[in-house]
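**Q** Have a look at this one before I ask anything.
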Amino acid sequence: MTKIACGAIIFLLAVAIAPVAEAAPCLIVTLTGTQSGPPAVNGLAGAGTLIRYGDDSNNCSALRMQFDAGRGTNMRLSQISVAPGQLNAIFFTHMHTDHTEGFADIIQLRWHFNSKGPKLDAVCSSDVASPLGFTISCTKFVQHIGDAFLQSGEIAQRHAEDKTRLAGGPAELINVITFEPKEEPHVVWSSGDVKVSAIRSTHIPGHASYRVDTPAGSVVIGGDAGNDVLAPPRATSTSDQVERLARGVDVIVHSTIHPVMGPDRDSGMPPPIFYRQSSTSDLGAMAKRVGAKHLMLTHMGPPIGTAMQGPFKVPGGPLTEADYRKAAEAGGFTGNIVVGTDLASLRLPTK
Ligand SMILES: [Zn+2]
């Protein structure tokens, strides 16, 4: 071997074993929709949160996890260039349309362009029978998500055009993973360094709250959780289970109702509807107790700038961003408060 060739080999070896700068892990929490409940208001998308995790080299996007998918979720995802085929998993807190009705749009489009797979993991509670005589079933929701498009003949028509599309429609592209919500957090989904835990929480039968733990930080998605005790007297309107789940967490994303809608004012909202949500002040107090650094308010009743919350009036007129901030601070929270707007995002670590 010539001296030059030998030198070249030594150089290549040196390059190969030189320490590569580690790309730092990071995550991004994005509110894909902030509307509270079923009404359509001012273009707000229905409830949902996207968590992306990765490192600096892939813009924190090696994994994309969607939590709930209310009306318009797919449109919001398109604004941040996330296509349905790129989601790794979707998690549902509960079977209310303001958290689920955007899923048909997402999974139909994934079927259209990504029928070759992979399947999308859909993670939610197992079937639960209510004492009132009905059953809440995420499994059936998922299995029947494409029924209207099958019945209309569209699935057969598009399948005839492209035989790689699954003949059974979008439901065939879903891997449903159910779990029994428990009183303590337990892991329900994981991928590499990322694990997602769930806990039972009170809103409707089968409601669950989630926690995502990653090397870049942790996020709790409370959903619409409230306290097991459905009305005062009680210590707080927030969920004791969510509080357990949120101990030491970095970010809490939670639905909330502003205290102004309470029965001590004249909103006309029936007390049970008000009491089953976590009030903004009580959420601020909980975020303080668990030592969270960030509180992201979403699903805010009433939405900012509206005189009505559905059929109920907002006493004193439309609320502002500052009204929500003040209410959370009144609970004693001194960390970062994000008053949710569609596509509001938070990155960890913060830059
Ligand atoms: Zn809701």
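Here, A, B, ... name the chains of the structure tokens in the order displayed, residue numbers run from 1 inside each chain, and ligands are numbered from 1 in the same displayed order.
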Using only C-alpha atoms and all ligand atoms, which residues of the polymer chains come no farther than 12 Å from ligand 1? I'd like the answer as an mmCIF file with all heavy atoms, in the first residue's frame.

**A**
data_model
loop_
_atom_site.group_PDB
_atom_site.id
_atom_site.type_symbol
_atom_site.label_atom_id
_atom_site.label_comp_id
_atom_site.auth_asym_id
_atom_site.auth_seq_id
_atom_site.Cartn_x
_atom_site.Cartn_y
_atom_site.Cartn_z
ATOM 1 N N GLY A 33 -56.839 22.777 18.297
ATOM 2 C CA GLY A 33 -58.174 23.361 18.362
ATOM 3 C C GLY A 33 -58.498 23.727 19.786
ATOM 4 O O GLY A 33 -58.105 23.021 20.716
ATOM 5 N N THR A 34 -59.202 24.855 19.979
ATOM 6 C CA THR A 34 -59.419 25.365 21.340
ATOM 7 C C THR A 34 -60.889 25.635 21.646
ATOM 8 O O THR A 34 -61.209 26.174 22.694
ATOM 9 C CB THR A 34 -58.602 26.656 21.557
ATOM 10 O OG1 THR A 34 -58.974 27.615 20.562
ATOM 11 C CG2 THR A 34 -57.119 26.391 21.479
ATOM 12 N N GLN A 35 -61.766 25.279 20.717
ATOM 13 C CA GLN A 35 -63.193 25.524 20.949
ATOM 14 C C GLN A 35 -63.698 24.684 22.129
ATOM 15 O O GLN A 35 -63.283 23.540 22.311
ATOM 16 C CB GLN A 35 -63.974 25.207 19.675
ATOM 17 C CG GLN A 35 -65.473 25.086 19.834
ATOM 18 C CD GLN A 35 -66.139 26.352 20.356
ATOM 19 O OE1 GLN A 35 -65.594 27.444 20.273
ATOM 20 N NE2 GLN A 35 -67.320 26.199 20.955
ATOM 21 N N SER A 36 -64.599 25.283 22.904
ATOM 22 C CA SER A 36 -65.177 24.592 24.058
ATOM 23 C C SER A 36 -66.536 24.017 23.697
ATOM 24 O O SER A 36 -67.474 24.751 23.432
ATOM 25 C CB SER A 36 -65.334 25.584 25.206
ATOM 26 O OG SER A 36 -66.046 24.990 26.260
ATOM 27 N N GLY A 37 -66.638 22.699 23.673
ATOM 28 C CA GLY A 37 -67.929 22.060 23.474
ATOM 29 C C GLY A 37 -68.399 22.098 22.029
ATOM 30 O O GLY A 37 -67.677 22.529 21.133
ATOM 31 N N PRO A 38 -69.632 21.630 21.790
ATOM 32 C CA PRO A 38 -70.132 21.439 20.434
ATOM 33 C C PRO A 38 -70.325 22.697 19.573
ATOM 34 O O PRO A 38 -70.244 22.586 18.344
ATOM 35 C CB PRO A 38 -71.480 20.740 20.659
ATOM 36 C CG PRO A 38 -71.369 20.103 22.012
ATOM 37 C CD PRO A 38 -70.510 21.022 22.815
ATOM 38 N N PRO A 39 -70.611 23.892 20.120
ATOM 39 C CA PRO A 39 -70.919 25.000 19.215
ATOM 40 C C PRO A 39 -69.778 25.306 18.232
ATOM 41 O O PRO A 39 -68.618 25.099 18.544
ATOM 42 C CB PRO A 39 -71.120 26.199 20.154
ATOM 43 C CG PRO A 39 -71.448 25.618 21.481
ATOM 44 C CD PRO A 39 -70.699 24.309 21.542
ATOM 45 N N ALA A 45 -61.207 25.649 15.747
ATOM 46 C CA ALA A 45 -61.264 24.196 15.575
ATOM 47 C C ALA A 45 -61.638 23.545 16.901
ATOM 48 O O ALA A 45 -61.426 24.108 17.974
ATOM 49 C CB ALA A 45 -59.923 23.667 15.080
ATOM 50 N N GLY A 46 -62.186 22.330 16.805
ATOM 51 C CA GLY A 46 -62.549 21.576 18.008
ATOM 52 C C GLY A 46 -61.311 21.089 18.741
ATOM 53 O O GLY A 46 -60.192 21.084 18.205
ATOM 54 N N ALA A 47 -61.534 20.617 19.964
ATOM 55 C CA ALA A 47 -60.429 20.310 20.873
ATOM 56 C C ALA A 47 -59.429 19.320 20.290
ATOM 57 O O ALA A 47 -59.803 18.329 19.661
ATOM 58 C CB ALA A 47 -60.985 19.766 22.179
ATOM 59 N N GLY A 48 -58.167 19.583 20.519
ATOM 60 C CA GLY A 48 -57.114 18.660 20.122
ATOM 61 C C GLY A 48 -55.742 19.246 20.420
ATOM 62 O O GLY A 48 -55.571 20.470 20.490
ATOM 63 N N ASP A 68 -57.021 13.779 20.893
ATOM 64 C CA ASP A 68 -58.344 14.255 20.492
ATOM 65 C C ASP A 68 -58.267 14.915 19.107
ATOM 66 O O ASP A 68 -57.197 15.348 18.655
ATOM 67 C CB ASP A 68 -58.965 15.215 21.527
ATOM 68 C CG ASP A 68 -59.422 14.483 22.789
ATOM 69 O OD1 ASP A 68 -59.685 13.266 22.698
ATOM 70 O OD2 ASP A 68 -59.521 15.135 23.851
ATOM 71 N N ALA A 69 -59.414 14.923 18.471
ATOM 72 C CA ALA A 69 -59.468 15.476 17.108
ATOM 73 C C ALA A 69 -60.863 16.027 16.872
ATOM 74 O O ALA A 69 -61.722 15.387 16.273
ATOM 75 C CB ALA A 69 -59.134 14.401 16.073
ATOM 76 N N GLY A 70 -61.098 17.228 17.374
ATOM 77 C CA GLY A 70 -62.391 17.883 17.158
ATOM 78 C C GLY A 70 -62.487 18.423 15.736
ATOM 79 O O GLY A 70 -61.595 18.232 14.903
ATOM 80 N N ARG A 71 -63.570 19.109 15.483
ATOM 81 C CA ARG A 71 -63.865 19.694 14.166
ATOM 82 C C ARG A 71 -62.662 20.500 13.638
ATOM 83 O O ARG A 71 -62.102 21.328 14.347
ATOM 84 C CB ARG A 71 -65.077 20.626 14.344
ATOM 85 C CG ARG A 71 -65.523 21.383 13.145
ATOM 86 C CD ARG A 71 -66.585 22.427 13.540
ATOM 87 N NE ARG A 71 -67.764 21.796 14.108
ATOM 88 C CZ ARG A 71 -68.338 22.175 15.263
ATOM 89 N NH1 ARG A 71 -67.864 23.172 15.975
ATOM 90 N NH2 ARG A 71 -69.400 21.545 15.717
ATOM 91 N N PHE A 92 -57.730 9.327 22.439
ATOM 92 C CA PHE A 92 -58.985 10.012 22.720
ATOM 93 C C PHE A 92 -59.209 10.076 24.228
ATOM 94 O O PHE A 92 -59.086 9.068 24.921
ATOM 95 C CB PHE A 92 -60.164 9.295 22.055
ATOM 96 C CG PHE A 92 -60.124 9.382 20.547
ATOM 97 C CD1 PHE A 92 -59.756 8.280 19.786
ATOM 98 C CD2 PHE A 92 -60.437 10.568 19.899
ATOM 99 C CE1 PHE A 92 -59.707 8.359 18.401
ATOM 100 C CE2 PHE A 92 -60.381 10.652 18.513
ATOM 101 C CZ PHE A 92 -60.023 9.554 17.760
ATOM 102 N N THR A 93 -59.555 11.295 24.713
ATOM 103 C CA THR A 93 -59.879 11.422 26.133
ATOM 104 C C THR A 93 -61.287 10.896 26.404
ATOM 105 O O THR A 93 -61.530 10.293 27.453
ATOM 106 C CB THR A 93 -59.784 12.879 26.618
ATOM 107 O OG1 THR A 93 -60.675 13.703 25.838
ATOM 108 C CG2 THR A 93 -58.359 13.402 26.493
ATOM 109 N N HIS A 94 -62.205 11.142 25.460
ATOM 110 C CA HIS A 94 -63.579 10.659 25.650
ATOM 111 C C HIS A 94 -64.354 10.796 24.354
ATOM 112 O O HIS A 94 -63.932 11.468 23.416
ATOM 113 C CB HIS A 94 -64.261 11.399 26.800
ATOM 114 C CG HIS A 94 -64.491 12.871 26.579
ATOM 115 N ND1 HIS A 94 -63.471 13.792 26.412
ATOM 116 C CD2 HIS A 94 -65.637 13.605 26.504
ATOM 117 C CE1 HIS A 94 -63.975 15.007 26.271
ATOM 118 N NE2 HIS A 94 -65.288 14.919 26.300
ATOM 119 N N MET A 95 -65.503 10.116 24.343
ATOM 120 C CA MET A 95 -66.327 10.021 23.147
ATOM 121 C C MET A 95 -67.383 11.122 23.089
ATOM 122 O O MET A 95 -68.584 10.876 23.103
ATOM 123 C CB MET A 95 -66.995 8.633 23.081
ATOM 124 C CG MET A 95 -66.024 7.485 22.859
ATOM 125 S SD MET A 95 -65.372 7.479 21.165
ATOM 126 C CE MET A 95 -63.682 7.999 21.467
ATOM 127 N N HIS A 96 -66.933 12.366 23.022
ATOM 128 C CA HIS A 96 -67.815 13.495 22.746
ATOM 129 C C HIS A 96 -67.381 14.081 21.414
ATOM 130 O O HIS A 96 -66.176 14.243 21.181
ATOM 131 C CB HIS A 96 -67.711 14.567 23.844
ATOM 132 C CG HIS A 96 -68.722 14.424 24.951
ATOM 133 N ND1 HIS A 96 -68.671 15.155 26.111
ATOM 134 C CD2 HIS A 96 -69.832 13.645 25.044
ATOM 135 C CE1 HIS A 96 -69.702 14.825 26.896
ATOM 136 N NE2 HIS A 96 -70.404 13.908 26.266
ATOM 137 N N THR A 97 -68.372 14.453 20.579
ATOM 138 C CA THR A 97 -68.020 14.879 19.216
ATOM 139 C C THR A 97 -67.054 16.054 19.173
ATOM 140 O O THR A 97 -66.269 16.152 18.232
ATOM 141 C CB THR A 97 -69.275 15.253 18.403
ATOM 142 O OG1 THR A 97 -70.081 16.136 19.185
ATOM 143 C CG2 THR A 97 -70.054 14.027 18.000
ATOM 144 N N ASP A 98 -67.112 16.938 20.165
ATOM 145 C CA ASP A 98 -66.188 18.083 20.089
ATOM 146 C C ASP A 98 -64.730 17.629 20.231
ATOM 147 O O ASP A 98 -63.806 18.401 19.976
ATOM 148 C CB ASP A 98 -66.541 19.193 21.095
ATOM 149 C CG ASP A 98 -66.613 18.747 22.537
ATOM 150 O OD1 ASP A 98 -67.227 17.686 22.807
ATOM 151 O OD2 ASP A 98 -66.062 19.452 23.404
ATOM 152 N N HIS A 99 -64.521 16.341 20.571
ATOM 153 C CA HIS A 99 -63.168 15.780 20.667
ATOM 154 C C HIS A 99 -62.898 14.696 19.620
ATOM 155 O O HIS A 99 -61.787 14.162 19.567
ATOM 156 C CB HIS A 99 -62.942 15.187 22.065
ATOM 157 C CG HIS A 99 -63.049 16.217 23.153
ATOM 158 N ND1 HIS A 99 -61.950 16.653 23.869
ATOM 159 C CD2 HIS A 99 -64.107 16.922 23.617
ATOM 160 C CE1 HIS A 99 -62.351 17.570 24.743
ATOM 161 N NE2 HIS A 99 -63.649 17.754 24.601
ATOM 162 N N THR A 100 -63.938 14.333 18.861
ATOM 163 C CA THR A 100 -63.789 13.159 17.973
ATOM 164 C C THR A 100 -64.179 13.397 16.516
ATOM 165 O O THR A 100 -63.755 12.653 15.645
ATOM 166 C CB THR A 100 -64.680 11.994 18.465
ATOM 167 O OG1 THR A 100 -66.053 12.407 18.443
ATOM 168 C CG2 THR A 100 -64.305 11.554 19.874
ATOM 169 N N GLU A 101 -65.001 14.424 16.243
ATOM 170 C CA GLU A 101 -65.617 14.472 14.914
ATOM 171 C C GLU A 101 -64.625 14.808 13.800
ATOM 172 O O GLU A 101 -64.926 14.613 12.631
ATOM 173 C CB GLU A 101 -66.805 15.439 14.894
ATOM 174 C CG GLU A 101 -66.425 16.902 15.124
ATOM 175 C CD GLU A 101 -67.646 17.739 15.471
ATOM 176 O OE1 GLU A 101 -68.767 17.319 15.172
ATOM 177 O OE2 GLU A 101 -67.456 18.819 16.065
ATOM 178 N N HIS A 203 -65.655 12.894 33.792
ATOM 179 C CA HIS A 203 -66.384 13.822 32.919
ATOM 180 C C HIS A 203 -67.606 13.074 32.387
ATOM 181 O O HIS A 203 -68.715 13.360 32.776
ATOM 182 C CB HIS A 203 -65.482 14.311 31.777
ATOM 183 C CG HIS A 203 -66.164 15.271 30.855
ATOM 184 N ND1 HIS A 203 -66.651 16.480 31.258
ATOM 185 C CD2 HIS A 203 -66.449 15.196 29.522
ATOM 186 C CE1 HIS A 203 -67.212 17.122 30.225
ATOM 187 N NE2 HIS A 203 -67.109 16.346 29.164
ATOM 188 N N ILE A 204 -67.347 12.065 31.515
ATOM 189 C CA ILE A 204 -68.373 11.087 31.162
ATOM 190 C C ILE A 204 -67.737 9.706 31.361
ATOM 191 O O ILE A 204 -66.513 9.601 31.503
ATOM 192 C CB ILE A 204 -68.879 11.248 29.711
ATOM 193 C CG1 ILE A 204 -67.739 11.025 28.704
ATOM 194 C CG2 ILE A 204 -69.557 12.585 29.519
ATOM 195 C CD1 ILE A 204 -68.221 10.763 27.288
ATOM 196 N N HIS A 207 -63.888 8.500 30.432
ATOM 197 C CA HIS A 207 -62.960 9.623 30.233
ATOM 198 C C HIS A 207 -61.593 9.275 30.822
ATOM 199 O O HIS A 207 -61.494 8.717 31.914
ATOM 200 C CB HIS A 207 -63.498 10.891 30.910
ATOM 201 C CG HIS A 207 -62.716 12.133 30.568
ATOM 202 N ND1 HIS A 207 -61.520 12.434 31.164
ATOM 203 C CD2 HIS A 207 -62.957 13.125 29.677
ATOM 204 C CE1 HIS A 207 -61.072 13.590 30.656
ATOM 205 N NE2 HIS A 207 -61.921 14.024 29.758
ATOM 206 N N GLY A 222 -55.160 16.924 30.146
ATOM 207 C CA GLY A 222 -56.223 16.650 31.109
ATOM 208 C C GLY A 222 -57.544 16.299 30.462
ATOM 209 O O GLY A 222 -58.375 15.630 31.056
ATOM 210 N N GLY A 223 -57.756 16.780 29.221
ATOM 211 C CA GLY A 223 -59.075 16.643 28.611
ATOM 212 C C GLY A 223 -60.081 17.488 29.372
ATOM 213 O O GLY A 223 -59.739 18.554 29.883
ATOM 214 N N ASP A 224 -61.301 16.993 29.474
ATOM 215 C CA ASP A 224 -62.373 17.741 30.135
ATOM 216 C C ASP A 224 -62.554 17.310 31.586
ATOM 217 O O ASP A 224 -63.649 17.407 32.141
ATOM 218 C CB ASP A 224 -63.700 17.532 29.391
ATOM 219 C CG ASP A 224 -63.734 18.213 28.035
ATOM 220 O OD1 ASP A 224 -62.732 18.840 27.654
ATOM 221 O OD2 ASP A 224 -64.769 18.109 27.346
ATOM 222 N N ALA A 225 -61.492 16.822 32.201
ATOM 223 C CA ALA A 225 -61.616 16.250 33.547
ATOM 224 C C ALA A 225 -62.082 17.274 34.577
ATOM 225 O O ALA A 225 -61.710 18.450 34.532
ATOM 226 C CB ALA A 225 -60.265 15.669 33.979
ATOM 227 N N GLY A 226 -62.891 16.786 35.500
ATOM 228 C CA GLY A 226 -63.308 17.573 36.662
ATOM 229 C C GLY A 226 -63.224 16.697 37.901
ATOM 230 O O GLY A 226 -62.768 15.547 37.837
ATOM 231 N N HIS A 254 -55.097 21.769 29.523
ATOM 232 C CA HIS A 254 -56.361 21.400 30.167
ATOM 233 C C HIS A 254 -57.520 22.260 29.679
ATOM 234 O O HIS A 254 -57.378 23.458 29.495
ATOM 235 C CB HIS A 254 -56.222 21.562 31.693
ATOM 236 C CG HIS A 254 -57.046 20.583 32.481
ATOM 237 N ND1 HIS A 254 -58.422 20.573 32.450
ATOM 238 C CD2 HIS A 254 -56.684 19.577 33.313
ATOM 239 C CE1 HIS A 254 -58.872 19.600 33.237
ATOM 240 N NE2 HIS A 254 -57.845 18.976 33.773
ATOM 241 N N SER A 255 -58.659 21.601 29.510
ATOM 242 C CA SER A 255 -59.910 22.320 29.261
ATOM 243 C C SER A 255 -60.266 23.125 30.502
ATOM 244 O O SER A 255 -59.940 22.731 31.625
ATOM 245 C CB SER A 255 -61.048 21.332 28.997
ATOM 246 O OG SER A 255 -60.781 20.532 27.880
ATOM 247 N N THR A 256 -60.980 24.234 30.278
ATOM 248 C CA THR A 256 -61.334 25.041 31.450
ATOM 249 C C THR A 256 -62.601 25.842 31.224
ATOM 250 O O THR A 256 -63.014 26.081 30.080
ATOM 251 C CB THR A 256 -60.175 25.979 31.840
ATOM 252 O OG1 THR A 256 -60.425 26.504 33.144
ATOM 253 C CG2 THR A 256 -60.016 27.129 30.842
ATOM 254 N N ILE A 257 -63.209 26.216 32.328
ATOM 255 C CA ILE A 257 -64.363 27.118 32.276
ATOM 256 C C ILE A 257 -64.056 28.305 33.179
ATOM 257 O O ILE A 257 -63.474 28.136 34.265
ATOM 258 C CB ILE A 257 -65.658 26.380 32.683
ATOM 259 C CG1 ILE A 257 -66.885 27.215 32.330
ATOM 260 C CG2 ILE A 257 -65.656 25.984 34.161
ATOM 261 C CD1 ILE A 257 -68.162 26.398 32.212
ATOM 262 N N ILE A 273 -73.527 21.699 34.502
ATOM 263 C CA ILE A 273 -72.643 21.870 33.335
ATOM 264 C C ILE A 273 -71.406 22.672 33.741
ATOM 265 O O ILE A 273 -70.276 22.362 33.362
ATOM 266 C CB ILE A 273 -73.393 22.560 32.173
ATOM 267 C CG1 ILE A 273 -74.531 21.661 31.695
ATOM 268 C CG2 ILE A 273 -72.433 22.882 31.033
ATOM 269 C CD1 ILE A 273 -75.321 22.226 30.537
ATOM 270 N N ARG A 276 -68.992 20.514 36.138
ATOM 271 C CA ARG A 276 -68.273 19.327 35.668
ATOM 272 C C ARG A 276 -66.975 19.672 34.920
ATOM 273 O O ARG A 276 -66.286 18.773 34.424
ATOM 274 C CB ARG A 276 -69.177 18.424 34.842
ATOM 275 C CG ARG A 276 -69.435 18.899 33.441
ATOM 276 C CD ARG A 276 -70.226 17.855 32.677
ATOM 277 N NE ARG A 276 -70.529 18.316 31.336
ATOM 278 C CZ ARG A 276 -71.312 17.665 30.498
ATOM 279 N NH1 ARG A 276 -71.873 16.541 30.853
ATOM 280 N NH2 ARG A 276 -71.536 18.147 29.286
ATOM 281 N N GLN A 277 -66.665 20.952 34.791
ATOM 282 C CA GLN A 277 -65.391 21.347 34.188
ATOM 283 C C GLN A 277 -64.464 21.902 35.278
ATOM 284 O O GLN A 277 -64.923 22.250 36.357
ATOM 285 C CB GLN A 277 -65.613 22.434 33.128
ATOM 286 C CG GLN A 277 -66.537 22.027 31.994
ATOM 287 C CD GLN A 277 -65.819 21.352 30.832
ATOM 288 O OE1 GLN A 277 -64.585 21.314 30.768
ATOM 289 N NE2 GLN A 277 -66.584 20.805 29.896
ATOM 290 N N SER A 278 -63.186 21.982 34.960
ATOM 291 C CA SER A 278 -62.223 22.558 35.906
ATOM 292 C C SER A 278 -62.197 24.073 35.731
ATOM 293 O O SER A 278 -61.965 24.570 34.615
ATOM 294 C CB SER A 278 -60.820 21.995 35.634
ATOM 295 O OG SER A 278 -60.769 20.625 35.978
ATOM 296 N N THR A 298 -57.065 25.471 27.293
ATOM 297 C CA THR A 298 -57.706 25.213 26.010
ATOM 298 C C THR A 298 -59.179 24.929 26.256
ATOM 299 O O THR A 298 -59.630 24.899 27.403
ATOM 300 C CB THR A 298 -57.001 24.047 25.282
ATOM 301 O OG1 THR A 298 -57.559 23.914 23.966
ATOM 302 C CG2 THR A 298 -57.150 22.727 26.029
ATOM 303 N N HIS A 299 -59.962 24.755 25.147
ATOM 304 C CA HIS A 299 -61.368 24.372 25.314
ATOM 305 C C HIS A 299 -61.990 25.329 26.315
ATOM 306 O O HIS A 299 -62.623 24.932 27.283
ATOM 307 C CB HIS A 299 -61.365 22.920 25.837
ATOM 308 C CG HIS A 299 -62.669 22.207 25.857
ATOM 309 N ND1 HIS A 299 -63.695 22.547 26.690
ATOM 310 C CD2 HIS A 299 -63.116 21.116 25.184
ATOM 311 C CE1 HIS A 299 -64.708 21.692 26.530
ATOM 312 N NE2 HIS A 299 -64.364 20.828 25.609
ATOM 313 N N MET A 300 -61.775 26.631 26.091
ATOM 314 C CA MET A 300 -62.150 27.625 27.089
ATOM 315 C C MET A 300 -63.606 28.032 26.934
ATOM 316 O O MET A 300 -64.029 28.487 25.877
ATOM 317 C CB MET A 300 -61.236 28.841 26.964
ATOM 318 C CG MET A 300 -59.786 28.515 27.320
ATOM 319 S SD MET A 300 -58.679 29.862 26.921
ATOM 320 C CE MET A 300 -58.968 30.040 25.200
ATOM 321 N N GLY A 301 -64.343 27.867 28.019
ATOM 322 C CA GLY A 301 -65.723 28.303 28.026
ATOM 323 C C GLY A 301 -65.846 29.526 28.911
ATOM 324 O O GLY A 301 -65.539 29.441 30.083
#

**Q** Do you know which residues are at most 7 Å from Pro349 in chain A counting only C-alpha atoms, after dropping those on the same chain fewer than 2 positions away, and could you put them as number ranges by chain?

**A** A: 26, 216, 347, 351

**Q** List as a list in words the protein and nucleic acid residues near Ser197 in chain A, meaning an atom at most 6 Å away when only C-alpha atoms are counted, but skip any in the same chain fewer than 6 places from it.

**A**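 Using only C-alpha atoms, the neighbours found are Pro185, His186, Val187, Val188, Tyr210 and Arg211 of chain A.
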
**Q** Would you mind exporting all heavy atoms of the selected residues as an mmCIF file, in the first residue's frame?

**A**
data_model
loop_
_atom_site.group_PDB
_atom_site.id
_atom_site.type_symbol
_atom_site.label_atom_id
_atom_site.label_comp_id
_atom_site.auth_asym_id
_atom_site.auth_seq_id
_atom_site.Cartn_x
_atom_site.Cartn_y
_atom_site.Cartn_z
ATOM 1 N N PRO A 185 -51.721 6.177 37.399
ATOM 2 C CA PRO A 185 -51.233 6.207 36.014
ATOM 3 C C PRO A 185 -50.643 4.854 35.600
ATOM 4 O O PRO A 185 -49.989 4.196 36.404
ATOM 5 C CB PRO A 185 -50.127 7.272 36.053
ATOM 6 C CG PRO A 185 -50.321 8.033 37.313
ATOM 7 C CD PRO A 185 -51.022 7.131 38.270
ATOM 8 N N HIS A 186 -50.919 4.453 34.376
ATOM 9 C CA HIS A 186 -50.271 3.255 33.841
ATOM 10 C C HIS A 186 -49.989 3.477 32.361
ATOM 11 O O HIS A 186 -50.731 4.186 31.667
ATOM 12 C CB HIS A 186 -51.119 2.008 34.066
ATOM 13 C CG HIS A 186 -52.485 2.066 33.436
ATOM 14 N ND1 HIS A 186 -53.480 2.901 33.890
ATOM 15 C CD2 HIS A 186 -53.007 1.407 32.382
ATOM 16 C CE1 HIS A 186 -54.563 2.743 33.144
ATOM 17 N NE2 HIS A 186 -54.302 1.851 32.219
ATOM 18 N N VAL A 187 -48.902 2.863 31.893
ATOM 19 C CA VAL A 187 -48.449 3.100 30.515
ATOM 20 C C VAL A 187 -49.398 2.404 29.536
ATOM 21 O O VAL A 187 -49.717 1.225 29.693
ATOM 22 C CB VAL A 187 -47.008 2.592 30.320
ATOM 23 C CG1 VAL A 187 -46.584 2.716 28.855
ATOM 24 C CG2 VAL A 187 -46.046 3.381 31.213
ATOM 25 N N VAL A 188 -49.868 3.161 28.533
ATOM 26 C CA VAL A 188 -50.797 2.601 27.549
ATOM 27 C C VAL A 188 -50.221 2.585 26.137
ATOM 28 O O VAL A 188 -50.779 1.953 25.242
ATOM 29 C CB VAL A 188 -52.142 3.365 27.542
ATOM 30 C CG1 VAL A 188 -52.871 3.155 28.866
ATOM 31 C CG2 VAL A 188 -51.946 4.860 27.270
ATOM 32 N N TYR A 210 -54.131 11.890 29.978
ATOM 33 C CA TYR A 210 -52.878 11.290 29.525
ATOM 34 C C TYR A 210 -51.668 12.099 29.984
ATOM 35 O O TYR A 210 -51.748 13.302 30.198
ATOM 36 C CB TYR A 210 -52.849 11.209 27.991
ATOM 37 C CG TYR A 210 -53.897 10.292 27.411
ATOM 38 C CD1 TYR A 210 -55.114 10.800 26.940
ATOM 39 C CD2 TYR A 210 -53.693 8.920 27.332
ATOM 40 C CE1 TYR A 210 -56.083 9.956 26.409
ATOM 41 C CE2 TYR A 210 -54.648 8.067 26.800
ATOM 42 C CZ TYR A 210 -55.845 8.591 26.339
ATOM 43 O OH TYR A 210 -56.798 7.750 25.814
ATOM 44 N N ARG A 211 -50.543 11.378 30.073
ATOM 45 C CA ARG A 211 -49.261 12.039 30.331
ATOM 46 C C ARG A 211 -48.228 11.475 29.363
ATOM 47 O O ARG A 211 -48.104 10.262 29.217
ATOM 48 C CB ARG A 211 -48.798 11.790 31.766
ATOM 49 C CG ARG A 211 -47.393 12.337 32.033
ATOM 50 C CD ARG A 211 -47.017 12.240 33.506
ATOM 51 N NE ARG A 211 -45.630 12.640 33.715
ATOM 52 C CZ ARG A 211 -45.198 13.309 34.771
ATOM 53 N NH1 ARG A 211 -46.023 13.645 35.733
ATOM 54 N NH2 ARG A 211 -43.904 13.625 34.896
#
